[in-house]
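Below is query-v4.txt, holding compact mmCIF, C-alpha atoms.
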```txt
# COMPACT_ATOMS: atom_id res chain seq x y z
CA MET N 10 14.17 -31.35 -69.54
CA THR N 11 15.58 -29.26 -66.69
CA ARG N 12 18.32 -30.34 -64.30
CA SER N 13 15.81 -31.13 -61.55
CA ASP N 14 13.77 -33.19 -64.04
CA TRP N 15 16.84 -35.36 -64.62
CA VAL N 16 17.39 -35.79 -60.89
CA LEU N 17 13.69 -36.70 -60.55
CA VAL N 18 13.96 -39.30 -63.33
CA LEU N 19 17.11 -40.81 -61.79
CA ALA N 20 15.60 -40.95 -58.30
CA VAL N 21 12.32 -42.53 -59.43
CA PHE N 22 14.08 -44.93 -61.83
CA GLY N 23 16.51 -46.06 -59.10
CA ALA N 24 13.81 -46.48 -56.44
CA SER N 25 11.59 -48.38 -58.84
CA ALA N 26 14.49 -50.59 -59.97
CA VAL N 27 15.36 -51.59 -56.38
CA GLU N 28 11.76 -52.43 -55.49
CA MET N 29 11.15 -54.24 -58.79
CA VAL N 30 14.20 -56.49 -58.24
CA GLU N 31 12.55 -57.60 -55.00
CA ALA N 32 9.17 -58.02 -56.71
CA LEU N 33 10.70 -59.94 -59.63
CA THR N 34 12.27 -62.44 -57.21
CA ILE N 35 8.79 -63.30 -55.95
CA VAL N 36 7.25 -63.40 -59.46
CA LEU N 37 10.05 -65.75 -60.63
CA ALA N 38 9.46 -68.01 -57.65
CA ALA N 39 5.69 -68.03 -58.30
CA GLY N 40 6.21 -68.59 -62.04
CA THR N 41 8.60 -71.52 -61.74
CA SER N 42 6.64 -73.30 -59.02
CA ARG N 43 2.99 -72.48 -59.89
CA GLY N 44 3.07 -71.74 -63.64
CA TRP N 45 3.98 -68.63 -65.62
CA ARG N 46 0.53 -67.66 -66.83
CA SER N 47 -0.92 -67.04 -63.35
CA ALA N 48 2.26 -65.41 -62.06
CA LEU N 49 2.46 -62.96 -64.98
CA GLU N 50 -1.26 -62.20 -64.76
CA GLY N 51 -0.87 -61.50 -61.03
CA ALA N 52 2.09 -59.19 -61.67
CA ALA N 53 0.26 -57.36 -64.49
CA ALA N 54 -2.87 -56.91 -62.35
CA ALA N 55 -0.76 -55.41 -59.54
CA VAL N 56 0.92 -52.96 -61.95
CA GLY N 57 -2.56 -51.95 -63.16
CA VAL N 58 -3.81 -51.29 -59.62
CA LEU N 59 -0.66 -49.30 -58.81
CA ALA N 60 -1.10 -47.16 -61.96
CA LEU N 61 -4.72 -46.52 -60.93
CA LEU N 62 -3.49 -45.42 -57.49
CA VAL N 63 -1.15 -42.87 -59.09
CA LEU N 64 -4.07 -41.45 -61.13
CA VAL N 65 -6.60 -41.43 -58.29
CA VAL N 66 -4.28 -39.94 -55.65
CA GLY N 67 -1.71 -38.02 -57.70
CA VAL N 68 -3.87 -36.00 -60.10
CA PRO N 69 -6.20 -34.50 -57.42
CA LEU N 70 -3.12 -33.65 -55.33
CA ILE N 71 -1.67 -31.52 -58.14
CA LYS N 72 -5.03 -29.90 -58.95
CA TYR N 73 -6.45 -29.08 -55.53
CA VAL N 74 -3.69 -28.85 -52.90
CA PRO N 75 -1.79 -25.51 -52.63
CA ILE N 76 1.73 -26.03 -53.99
CA ASP N 77 3.63 -24.82 -50.88
CA ALA N 78 1.66 -27.06 -48.51
CA LEU N 79 2.11 -29.96 -50.91
CA ARG N 80 5.87 -29.36 -51.07
CA VAL N 81 6.27 -29.39 -47.28
CA VAL N 82 4.24 -32.59 -46.83
CA VAL N 83 5.85 -34.31 -49.81
CA GLY N 84 9.29 -33.08 -48.75
CA ALA N 85 8.79 -34.51 -45.25
CA LEU N 86 7.67 -37.83 -46.72
CA LEU N 87 10.66 -37.98 -49.07
CA LEU N 88 13.13 -36.94 -46.37
CA SER N 89 11.81 -39.56 -43.95
CA LEU N 90 12.03 -42.25 -46.64
CA GLY N 91 15.40 -41.03 -47.96
CA LEU N 92 17.10 -40.92 -44.55
CA ASN N 93 15.84 -44.46 -43.86
CA TRP N 94 17.22 -45.79 -47.16
CA LEU N 95 20.51 -43.97 -46.54
CA ARG N 96 20.86 -45.40 -43.04
CA LYS N 97 20.05 -48.92 -44.22
CA ALA N 98 22.50 -48.65 -47.16
CA TRP N 99 25.28 -47.37 -44.84
CA LEU N 100 24.73 -50.20 -42.36
CA ARG N 101 24.67 -52.81 -45.16
CA ALA N 102 27.74 -51.37 -46.89
CA SER N 103 29.69 -51.35 -43.63
CA GLY N 104 28.79 -54.92 -42.64
CA HIS N 105 26.47 -54.06 -39.75
CA LYS N 106 23.42 -55.37 -41.57
CA ALA N 107 23.14 -58.33 -43.94
CA LEU N 108 22.85 -57.53 -47.63
CA HIS N 109 19.49 -58.29 -49.22
CA ASP N 110 19.79 -61.87 -50.47
CA GLU N 111 17.52 -62.49 -53.49
CA ASP N 112 18.67 -66.12 -53.81
CA LYS N 113 17.56 -66.81 -50.25
CA ILE N 114 14.18 -65.07 -50.75
CA TYR N 115 13.69 -67.03 -53.99
CA ALA N 116 14.45 -70.37 -52.31
CA GLU N 117 12.19 -69.57 -49.35
CA THR N 118 9.27 -68.52 -51.58
CA VAL N 119 9.61 -71.65 -53.76
CA ALA N 120 9.68 -73.87 -50.64
CA GLU N 121 6.63 -72.09 -49.24
CA LEU N 122 4.70 -72.45 -52.51
CA ALA N 123 5.53 -76.17 -52.68
CA THR N 124 3.38 -76.71 -49.59
CA GLU N 125 0.34 -75.03 -51.18
CA GLY N 126 -1.09 -78.16 -52.83
CA PRO N 127 -1.25 -79.22 -56.50
CA VAL N 128 -0.82 -76.68 -59.29
CA ARG N 129 -3.97 -76.04 -61.37
CA PRO N 130 -3.07 -76.31 -65.07
CA GLN N 131 -5.03 -73.31 -66.44
CA ARG N 132 -5.20 -70.59 -63.78
CA ASP N 133 -3.52 -71.11 -60.44
CA ALA N 134 -4.99 -68.85 -57.75
CA VAL N 135 -2.01 -69.28 -55.41
CA GLY N 136 0.51 -68.28 -58.10
CA PHE N 137 -1.64 -65.29 -59.07
CA ALA N 138 -2.08 -64.15 -55.46
CA VAL N 139 1.62 -64.48 -54.55
CA ALA N 140 2.78 -62.58 -57.67
CA PHE N 141 0.11 -59.90 -57.18
CA LYS N 142 0.99 -59.42 -53.51
CA GLY N 143 4.73 -59.29 -54.23
CA VAL N 144 4.45 -56.66 -56.97
CA PHE N 145 1.77 -54.65 -55.16
CA LEU N 146 3.60 -54.47 -51.82
CA GLU N 147 6.97 -53.61 -53.35
CA GLY N 148 5.32 -51.20 -55.77
CA THR N 149 3.47 -49.22 -53.09
CA GLU N 150 6.68 -47.48 -52.02
CA VAL N 151 7.40 -46.64 -55.67
CA VAL N 152 3.89 -45.20 -56.05
CA LEU N 153 4.46 -42.96 -53.03
CA ILE N 154 7.76 -41.75 -54.49
CA VAL N 155 6.19 -41.21 -57.93
CA ILE N 156 3.27 -39.25 -56.46
CA SER N 157 5.49 -37.25 -54.10
CA LEU N 158 8.18 -36.28 -56.59
CA GLY N 159 5.80 -36.00 -59.53
CA ALA N 160 3.23 -33.87 -57.68
CA SER N 161 5.74 -31.49 -56.09
CA GLN N 162 7.32 -30.74 -59.46
CA GLY N 163 4.11 -30.98 -61.48
CA ARG N 164 5.67 -33.85 -63.47
CA LEU N 165 3.50 -36.81 -62.53
CA GLY N 166 3.62 -38.16 -66.10
CA LEU N 167 7.42 -38.02 -66.24
CA ALA N 168 7.77 -39.66 -62.81
CA SER N 169 5.32 -42.43 -63.80
CA LEU N 170 7.20 -43.01 -67.04
CA ALA N 171 10.54 -43.30 -65.17
CA ALA N 172 9.04 -45.85 -62.75
CA LEU N 173 7.46 -47.84 -65.58
CA SER N 174 10.75 -47.83 -67.55
CA ALA N 175 12.59 -49.22 -64.54
CA ALA N 176 10.00 -51.96 -64.16
CA VAL N 177 10.30 -52.85 -67.86
CA VAL N 178 14.13 -52.86 -67.71
CA VAL N 179 14.25 -54.97 -64.52
CA PHE N 180 11.65 -57.46 -65.76
CA GLY N 181 13.38 -57.57 -69.18
CA VAL N 182 16.80 -58.21 -67.67
CA GLY N 183 15.19 -60.60 -65.19
CA ALA N 184 13.72 -62.64 -68.02
CA VAL N 185 17.23 -63.02 -69.49
CA VAL N 186 19.28 -63.65 -66.37
CA ALA N 187 16.45 -65.49 -64.56
CA ARG N 188 17.71 -66.30 -61.10
CA GLN N 189 20.89 -64.23 -61.12
CA LEU N 190 19.19 -61.33 -59.32
CA SER N 191 21.64 -61.52 -56.45
CA THR N 192 24.26 -59.99 -58.78
CA VAL N 193 22.30 -56.71 -59.05
CA PRO N 194 24.15 -54.04 -56.99
CA GLU N 195 21.00 -53.39 -55.01
CA ASN N 196 22.67 -51.65 -52.07
CA LEU N 197 24.54 -49.23 -54.34
CA ILE N 198 21.26 -48.30 -56.04
CA LYS N 199 19.59 -47.98 -52.63
CA LEU N 200 22.38 -45.67 -51.45
CA THR N 201 22.09 -43.50 -54.58
CA VAL N 202 18.31 -43.25 -54.26
CA GLY N 203 18.63 -42.51 -50.53
CA VAL N 204 20.96 -39.61 -51.35
CA MET N 205 18.51 -38.27 -53.95
CA LEU N 206 15.34 -38.66 -51.89
CA SER N 207 16.95 -36.99 -48.87
CA SER N 208 18.15 -34.11 -51.06
CA PHE N 209 14.74 -33.67 -52.73
CA GLY N 210 13.01 -33.89 -49.35
CA LEU N 211 15.15 -31.16 -47.79
CA PHE N 212 14.86 -29.00 -50.89
CA TRP N 213 11.05 -29.18 -51.04
CA ILE N 214 10.62 -28.62 -47.29
CA GLY N 215 12.76 -25.48 -47.65
CA GLU N 216 10.88 -24.29 -50.73
CA GLY N 217 7.51 -24.86 -49.07
CA ALA N 218 8.59 -23.11 -45.87
CA GLY N 219 9.87 -20.10 -47.82
CA ILE N 220 13.65 -20.60 -47.56
CA HIS N 221 15.58 -19.03 -50.43
CA TRP N 222 18.14 -21.66 -51.41
CA PRO N 223 21.25 -20.07 -52.98
CA GLY N 224 21.28 -20.78 -56.72
CA ALA N 225 17.62 -21.91 -56.63
CA ASP N 226 17.30 -25.36 -58.29
CA LEU N 227 21.09 -25.72 -58.45
CA PHE N 228 21.15 -26.08 -54.67
CA LEU N 229 19.60 -29.51 -55.14
CA LEU N 230 22.94 -30.64 -56.58
CA VAL N 231 24.75 -29.16 -53.57
CA LEU N 232 22.52 -31.24 -51.28
CA VAL N 233 23.20 -34.35 -53.39
CA GLY N 234 26.92 -33.63 -53.01
CA VAL N 235 26.58 -33.20 -49.25
CA PHE N 236 24.82 -36.57 -48.75
CA ALA N 237 27.12 -38.37 -51.21
CA GLY N 238 30.21 -36.92 -49.49
CA LEU N 239 28.79 -37.80 -46.11
CA SER N 240 28.28 -41.41 -47.25
CA ALA N 241 31.93 -41.59 -48.36
CA ILE N 242 33.00 -40.58 -44.83
CA VAL N 243 30.44 -42.45 -42.73
CA ILE N 244 30.65 -45.89 -44.41
CA PRO N 245 34.42 -46.37 -43.67
CA TRP N 246 33.82 -45.01 -40.15
CA LEU N 247 31.03 -47.54 -39.52
CA ARG N 248 33.12 -50.31 -41.10
CA ARG N 249 35.76 -49.93 -38.37
CA SER N 250 33.33 -51.32 -35.79
CA ALA N 251 31.62 -53.91 -38.03
CA PRO N 252 30.90 -57.24 -36.36
CA THR N 253 31.75 -59.05 -39.65
CA PRO N 254 34.55 -58.29 -42.11
CA ALA N 255 31.92 -57.96 -44.91
CA GLY N 256 31.07 -54.49 -46.07
CA VAL N 257 30.50 -54.32 -49.77
CA LEU N 258 28.46 -51.71 -51.54
CA GLY N 259 26.74 -53.93 -54.10
CA MET V 29 -19.55 -54.06 -42.48
CA LYS V 30 -18.37 -51.99 -39.50
CA ALA V 31 -15.80 -54.63 -38.63
CA ALA V 32 -14.48 -54.64 -42.19
CA ILE V 33 -14.11 -50.85 -42.17
CA ALA V 34 -12.35 -50.96 -38.78
CA ARG V 35 -10.03 -53.68 -40.04
CA GLY V 36 -9.27 -51.65 -43.16
CA LEU V 37 -8.57 -48.52 -41.14
CA ARG V 38 -6.32 -50.46 -38.76
CA ALA V 39 -4.38 -51.92 -41.70
CA PHE V 40 -4.10 -48.47 -43.28
CA GLY V 41 -2.84 -46.97 -40.01
CA ARG V 42 -0.41 -49.84 -39.53
CA PHE V 43 0.96 -49.35 -43.05
CA TRP V 44 1.64 -45.65 -42.47
CA TRP V 45 3.09 -46.28 -39.00
CA GLU V 46 5.47 -48.90 -40.41
CA PHE V 47 6.23 -46.70 -43.40
CA LEU V 48 6.94 -43.46 -41.51
CA VAL V 49 8.10 -44.59 -38.08
CA GLY V 50 8.99 -48.31 -38.23
CA ASP V 51 12.11 -49.17 -36.25
CA THR V 52 13.66 -45.72 -36.70
CA PRO V 53 11.38 -43.29 -34.81
CA GLU V 54 14.36 -40.95 -34.43
CA LEU V 55 14.37 -40.28 -38.18
CA PHE V 56 10.65 -39.50 -38.15
CA ILE V 57 11.16 -37.07 -35.25
CA ALA V 58 14.17 -35.57 -37.05
CA THR V 59 12.00 -34.98 -40.13
CA LEU V 60 9.43 -33.14 -38.01
CA CYS V 61 12.28 -31.09 -36.48
CA VAL V 62 13.58 -30.24 -39.97
CA VAL V 63 10.10 -28.97 -40.95
CA GLY V 64 9.82 -26.96 -37.72
CA VAL V 65 13.30 -25.45 -38.06
CA ALA V 66 12.67 -24.62 -41.73
CA PHE V 67 9.54 -22.61 -40.84
CA ALA V 68 11.19 -21.00 -37.81
CA LEU V 69 14.24 -19.80 -39.74
CA ALA V 70 12.68 -19.19 -43.17
CA SER V 71 12.79 -15.40 -42.85
CA LEU V 72 16.58 -15.41 -42.27
CA HIS V 73 19.08 -15.64 -45.11
CA VAL V 74 22.15 -17.80 -44.48
CA LEU V 75 21.25 -19.64 -41.27
CA PRO V 76 18.45 -21.92 -42.60
CA VAL V 77 20.62 -22.99 -45.54
CA ILE V 78 23.11 -24.45 -43.05
CA VAL V 79 20.92 -25.45 -40.12
CA VAL V 80 18.08 -27.23 -41.99
CA PRO V 81 20.37 -29.72 -43.83
CA GLY V 82 22.52 -29.86 -40.66
CA VAL V 83 19.64 -31.24 -38.58
CA ALA V 84 19.02 -34.01 -41.14
CA VAL V 85 22.74 -34.86 -41.39
CA VAL V 86 23.22 -35.10 -37.61
CA ALA V 87 20.04 -37.19 -37.28
CA VAL V 88 20.99 -39.76 -39.91
CA ILE V 89 24.55 -40.14 -38.56
CA TRP V 90 23.21 -40.58 -35.03
CA SER V 91 20.61 -43.09 -36.23
CA ALA V 92 23.24 -45.11 -38.13
CA ALA V 93 25.53 -45.08 -35.08
CA ARG V 94 22.60 -46.30 -33.01
CA GLY V 95 21.97 -49.11 -35.52
CA ARG V 96 25.64 -50.04 -35.34
CA THR V 97 25.68 -50.24 -31.56
CA SER V 98 22.54 -52.36 -31.41
CA SER V 99 23.91 -54.86 -33.95
CA ASN V 100 27.07 -55.35 -31.88
CA PRO V 101 26.76 -57.89 -29.08
```

Encoding of this model in structure tokens:
Amino acid sequence: MTRSDWVLVLAVFGASAVEMVEALTIVLAAGTSRGWRSALEGAAAAVGVLALLVLVVGVPLIKYVPIDALRVVVGALLLSLGLNWLRKAWLRASGHKALHDEDKIYAETVAELATEGPVRPQRDAVGFAVAFKGVFLEGTEVVLIVISLGASQGRLGLASLAALSAAVVVFGVGAVVARQLSTVPENLIKLTVGVMLSSFGLFWIGEGAGIHWPGADLFLLVLVGVFAGLSAIVIPWLRRSAPTPAGVLG
Amino acid sequence: MKAAIARGLRAFGRFWWEFLVGDTPELFIATLCVVGVAFALASLHVLPVIVVPGVAVVAVIWSAARGRTSSNP
């Protein structure tokens, strides 16, 4: 594996992990309140549909779209997504925006499901639908990242594998720690992925446009360093004007 | 049938609008600027290496500062 393959794996794994923590919260809520069978079936069905999306959209992209055009479009998509994640992570880390609270989401989902009538013993449609929707919606962003990064580097299989591994790890850990998802340092992962997506985005836009980056692929690491260094400066600067004394990275 | 297609297209458009623009249109515009600047300066040697990342850096700092101001009463 090359250096940029490793960065790709890390970026996809991190993005998938963040989104899967959010999805798992909903699956846990659906499982405990409507039965595990329907919730797990709903989650598995959503993963299947997402995998199909990667195949249907990703493979033709690699085969039929000229590589430079693909890199510019994919780069723009990644940059837009990366800058948004970076901004959100900075604002959360500095106390300007509330941290994502899985415990709160879990409690709200359970309360909502309690109003949905009696649970059907064999297959519960509500539990299935809620788990499916949760995994599918959170997974869509991962699919876009997998297709974008995988297609632009011609490593769709590797990107899919990284996303799937993250899902397996998160769901595996989730099964053990159950409702302790609020302890996952979600904002730190989000910040790291934001740095990587922004770096990849800029790199691919430049490659597609015909810019000769010094050091070729190595320049990707320079961009990662720039965004990471920038985060180290901007977060304390934003913290100085935070409305609350919060401001943790996790 | 037509209504279902229209509804589907609207949902698809809404998804992409939320995904790309959402509540940070400045970052979407900045991305378009980065693409434009990259093509405009691609034939030069050193300048695009500094200016292209520079546009993204300035945009994200400005956007975060804007988010900070709006969350302060």

### Task
Might you pull out every residue within 7 Å of stretch 74-80 of chain N, with only C-alpha atoms counted and same-chain residues fewer than 6 positions away left off, and present them as a PyMOL selection string?
chain N and resi 161+213-214+217

### Task
Place a sphere of radius 6 Å on (22.4, -41.2, -42.5) in the file coordinates and name every protein, DNA or RNA residue with an atom inside or on its surface, counting all atoms listed in the file; give the answer as a VMD selection string.
(chain N and resid 92 95 to 96) or (chain V and resid 88 to 89 92)

Go through chain V residue by residue and, counting only C-alpha atoms, keep those with an atom at most 10 Å from chain N; for each kept residue give the shortest atom pair and its distance in Å to one decimal, ordered by chain and increasing number, as a tab-separated table.
```
residue	atom	partner	partner_atom	distance
V:Phe47	CA	N:Leu90	CA	8.0
V:Leu48	CA	N:Ser89	CA	6.7
V:Val49	CA	N:Ser89	CA	8.6
V:Gly50	CA	N:Asn93	CA	9.7
V:Asp51	CA	N:Asn93	CA	9.7
V:Thr52	CA	N:Asn93	CA	7.6
V:Pro53	CA	N:Ser89	CA	9.9
V:Glu54	CA	N:Ser89	CA	10.0
V:Leu55	CA	N:Ser89	CA	6.4
V:Phe56	CA	N:Ser89	CA	5.9
V:Ile57	CA	N:Ser89	CA	9.1
V:Ala58	CA	N:Ser89	CA	8.3
V:Thr59	CA	N:Ser89	CA	6.0
V:Leu60	CA	N:Ala85	CA	7.4
V:Val62	CA	N:Leu211	CA	8.0
V:Val63	CA	N:Ile214	CA	6.4
V:Gly64	CA	N:Ala218	CA	9.1
V:Val65	CA	N:Ala218	CA	9.4
V:Ala66	CA	N:Gly215	CA	6.0
V:Phe67	CA	N:Ala218	CA	5.1
V:Ala68	CA	N:Ala218	CA	8.7
V:Leu69	CA	N:Ile220	CA	7.9
V:Ala70	CA	N:Ile220	CA	4.7
V:Ser71	CA	N:Ile220	CA	7.1
V:Leu72	CA	N:Ile220	CA	8.0
V:His73	CA	N:His221	CA	7.2
V:Val74	CA	N:Pro223	CA	8.8
V:Leu75	CA	N:Ile220	CA	9.9
V:Pro76	CA	N:Ile220	CA	7.0
V:Val77	CA	N:Trp222	CA	6.5
V:Val80	CA	N:Leu211	CA	7.6
V:Pro81	CA	N:Leu211	CA	6.7
V:Ala84	CA	N:Leu92	CA	7.9
V:Val85	CA	N:Phe236	CA	7.8
V:Ala87	CA	N:Leu92	CA	8.7
V:Val88	CA	N:Leu92	CA	6.2
V:Ile89	CA	N:Val243	CA	7.6
V:Trp90	CA	N:Arg96	CA	9.6
V:Ser91	CA	N:Arg96	CA	7.2
V:Ala92	CA	N:Arg96	CA	5.5
V:Ala93	CA	N:Leu247	CA	7.5
V:Gly95	CA	N:Leu100	CA	7.5
V:Arg96	CA	N:His105	CA	6.0
V:Thr97	CA	N:Ser250	CA	8.8
V:Ser98	CA	N:His105	CA	9.4
V:Ser99	CA	N:His105	CA	6.4
V:Asn100	CA	N:Pro252	CA	6.2
V:Pro101	CA	N:Pro252	CA	8.4
```

### Query
In Å, with one decimal, what is the gap from atom CA of V:Leu37 to atom CA of N:Ala24?
27.2 Å

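For the pair atom CA of N:Thr201 and atom CA of N:Gly238, the separation is 11.6 Å.
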
### Message
Measuring between only C-alpha atoms, which one of N:Leu62, N:Val18, N:Ala107, N:Ile71 shows the shortest distance to N:Asn196?
### Response
N:Ala107

Let me have the centre and edge lengths in Å, one decimal, of the box along x, y and z around every listed atom of stretch 64-75 of chain V with 3 Å of margin on each side, as AutoDock Vina command-line options.
```
--center_x 15.8 --center_y -21.2 --center_z -41.4 --size_x 18.6 --size_y 17.6 --size_z 13.4
```

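Interatomic distance, atom CA of N:Leu230 against atom CA of N:Val202: 13.6 Å.
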
### Best match for closeness to N:Leu158 among N:Arg12, N:Ala32, N:Asp133, N:Val21, counting all atoms listed in the file
N:Val21

### Message
Can you tell me which residues surround N:Phe180 at a distance of at most 10 Å, considering all atoms listed in the file, apart from same-chain residues fewer than 4 positions away, and format the answer as a ChimeraX atom specification?
### Response
/N:26,29-30,32-34,36-37,174-176,184-187

Rebuild stretch 44-67 of chain V to N, CA and C atoms - output it as a PDB file, keeping the file's coordinate frame, please.
```pdb
ATOM      1  N   TRP V  44       0.987 -46.968 -42.574  1.00  0.00           N
ATOM      2  CA  TRP V  44       1.640 -45.650 -42.470  1.00  0.00           C
ATOM      3  C   TRP V  44       2.589 -45.590 -41.285  1.00  0.00           C
ATOM      4  N   TRP V  45       2.211 -46.247 -40.178  1.00  0.00           N
ATOM      5  CA  TRP V  45       3.090 -46.280 -39.000  1.00  0.00           C
ATOM      6  C   TRP V  45       4.405 -46.979 -39.363  1.00  0.00           C
ATOM      7  N   GLU V  46       4.282 -48.144 -40.001  1.00  0.00           N
ATOM      8  CA  GLU V  46       5.470 -48.900 -40.410  1.00  0.00           C
ATOM      9  C   GLU V  46       6.292 -48.092 -41.417  1.00  0.00           C
ATOM     10  N   PHE V  47       5.580 -47.442 -42.323  1.00  0.00           N
ATOM     11  CA  PHE V  47       6.230 -46.700 -43.400  1.00  0.00           C
ATOM     12  C   PHE V  47       6.976 -45.479 -42.861  1.00  0.00           C
ATOM     13  N   LEU V  48       6.348 -44.719 -41.975  1.00  0.00           N
ATOM     14  CA  LEU V  48       6.940 -43.460 -41.510  1.00  0.00           C
ATOM     15  C   LEU V  48       7.804 -43.636 -40.264  1.00  0.00           C
ATOM     16  N   VAL V  49       7.374 -44.477 -39.351  1.00  0.00           N
ATOM     17  CA  VAL V  49       8.100 -44.590 -38.080  1.00  0.00           C
ATOM     18  C   VAL V  49       8.941 -45.869 -38.060  1.00  0.00           C
ATOM     19  N   GLY V  50       8.287 -47.011 -38.197  1.00  0.00           N
ATOM     20  CA  GLY V  50       8.990 -48.310 -38.230  1.00  0.00           C
ATOM     21  C   GLY V  50       9.924 -48.478 -37.057  1.00  0.00           C
ATOM     22  N   ASP V  51      11.147 -48.958 -37.347  1.00  0.00           N
ATOM     23  CA  ASP V  51      12.110 -49.170 -36.250  1.00  0.00           C
ATOM     24  C   ASP V  51      13.092 -48.001 -36.140  1.00  0.00           C
ATOM     25  N   THR V  52      12.804 -46.901 -36.827  1.00  0.00           N
ATOM     26  CA  THR V  52      13.660 -45.720 -36.700  1.00  0.00           C
ATOM     27  C   THR V  52      12.824 -44.474 -36.366  1.00  0.00           C
ATOM     28  N   PRO V  53      12.205 -44.460 -35.177  1.00  0.00           N
ATOM     29  CA  PRO V  53      11.380 -43.290 -34.810  1.00  0.00           C
ATOM     30  C   PRO V  53      12.199 -42.006 -34.769  1.00  0.00           C
ATOM     31  N   GLU V  54      13.521 -42.154 -34.515  1.00  0.00           N
ATOM     32  CA  GLU V  54      14.360 -40.950 -34.430  1.00  0.00           C
ATOM     33  C   GLU V  54      14.412 -40.196 -35.757  1.00  0.00           C
ATOM     34  N   LEU V  55      14.329 -40.943 -36.867  1.00  0.00           N
ATOM     35  CA  LEU V  55      14.370 -40.280 -38.180  1.00  0.00           C
ATOM     36  C   LEU V  55      13.050 -39.572 -38.477  1.00  0.00           C
ATOM     37  N   PHE V  56      11.957 -40.149 -37.980  1.00  0.00           N
ATOM     38  CA  PHE V  56      10.650 -39.500 -38.150  1.00  0.00           C
ATOM     39  C   PHE V  56      10.619 -38.197 -37.341  1.00  0.00           C
ATOM     40  N   ILE V  57      11.123 -38.279 -36.093  1.00  0.00           N
ATOM     41  CA  ILE V  57      11.160 -37.070 -35.250  1.00  0.00           C
ATOM     42  C   ILE V  57      12.085 -36.025 -35.868  1.00  0.00           C
ATOM     43  N   ALA V  58      13.221 -36.498 -36.401  1.00  0.00           N
ATOM     44  CA  ALA V  58      14.170 -35.570 -37.050  1.00  0.00           C
ATOM     45  C   ALA V  58      13.509 -34.856 -38.227  1.00  0.00           C
ATOM     46  N   THR V  59      12.689 -35.593 -38.983  1.00  0.00           N
ATOM     47  CA  THR V  59      12.000 -34.980 -40.130  1.00  0.00           C
ATOM     48  C   THR V  59      11.060 -33.877 -39.656  1.00  0.00           C
ATOM     49  N   LEU V  60      10.321 -34.167 -38.569  1.00  0.00           N
ATOM     50  CA  LEU V  60       9.430 -33.140 -38.010  1.00  0.00           C
ATOM     51  C   LEU V  60      10.237 -31.930 -37.548  1.00  0.00           C
ATOM     52  N   CYS V  61      11.404 -32.191 -36.933  1.00  0.00           N
ATOM     53  CA  CYS V  61      12.280 -31.090 -36.480  1.00  0.00           C
ATOM     54  C   CYS V  61      12.749 -30.257 -37.677  1.00  0.00           C
ATOM     55  N   VAL V  62      13.118 -30.957 -38.769  1.00  0.00           N
ATOM     56  CA  VAL V  62      13.580 -30.240 -39.970  1.00  0.00           C
ATOM     57  C   VAL V  62      12.479 -29.299 -40.465  1.00  0.00           C
ATOM     58  N   VAL V  63      11.229 -29.805 -40.498  1.00  0.00           N
ATOM     59  CA  VAL V  63      10.100 -28.970 -40.950  1.00  0.00           C
ATOM     60  C   VAL V  63       9.939 -27.771 -40.012  1.00  0.00           C
ATOM     61  N   GLY V  64       9.971 -28.031 -38.706  1.00  0.00           N
ATOM     62  CA  GLY V  64       9.820 -26.960 -37.720  1.00  0.00           C
ATOM     63  C   GLY V  64      10.910 -25.907 -37.840  1.00  0.00           C
ATOM     64  N   VAL V  65      12.161 -26.373 -37.946  1.00  0.00           N
ATOM     65  CA  VAL V  65      13.300 -25.450 -38.060  1.00  0.00           C
ATOM     66  C   VAL V  65      13.212 -24.647 -39.354  1.00  0.00           C
ATOM     67  N   ALA V  66      12.786 -25.316 -40.432  1.00  0.00           N
ATOM     68  CA  ALA V  66      12.670 -24.620 -41.730  1.00  0.00           C
ATOM     69  C   ALA V  66      11.685 -23.460 -41.619  1.00  0.00           C
ATOM     70  N   PHE V  67      10.534 -23.685 -40.984  1.00  0.00           N
ATOM     71  CA  PHE V  67       9.540 -22.610 -40.840  1.00  0.00           C
ATOM     72  C   PHE V  67      10.047 -21.529 -39.882  1.00  0.00           C
TER      73      PHE V  67
END
```
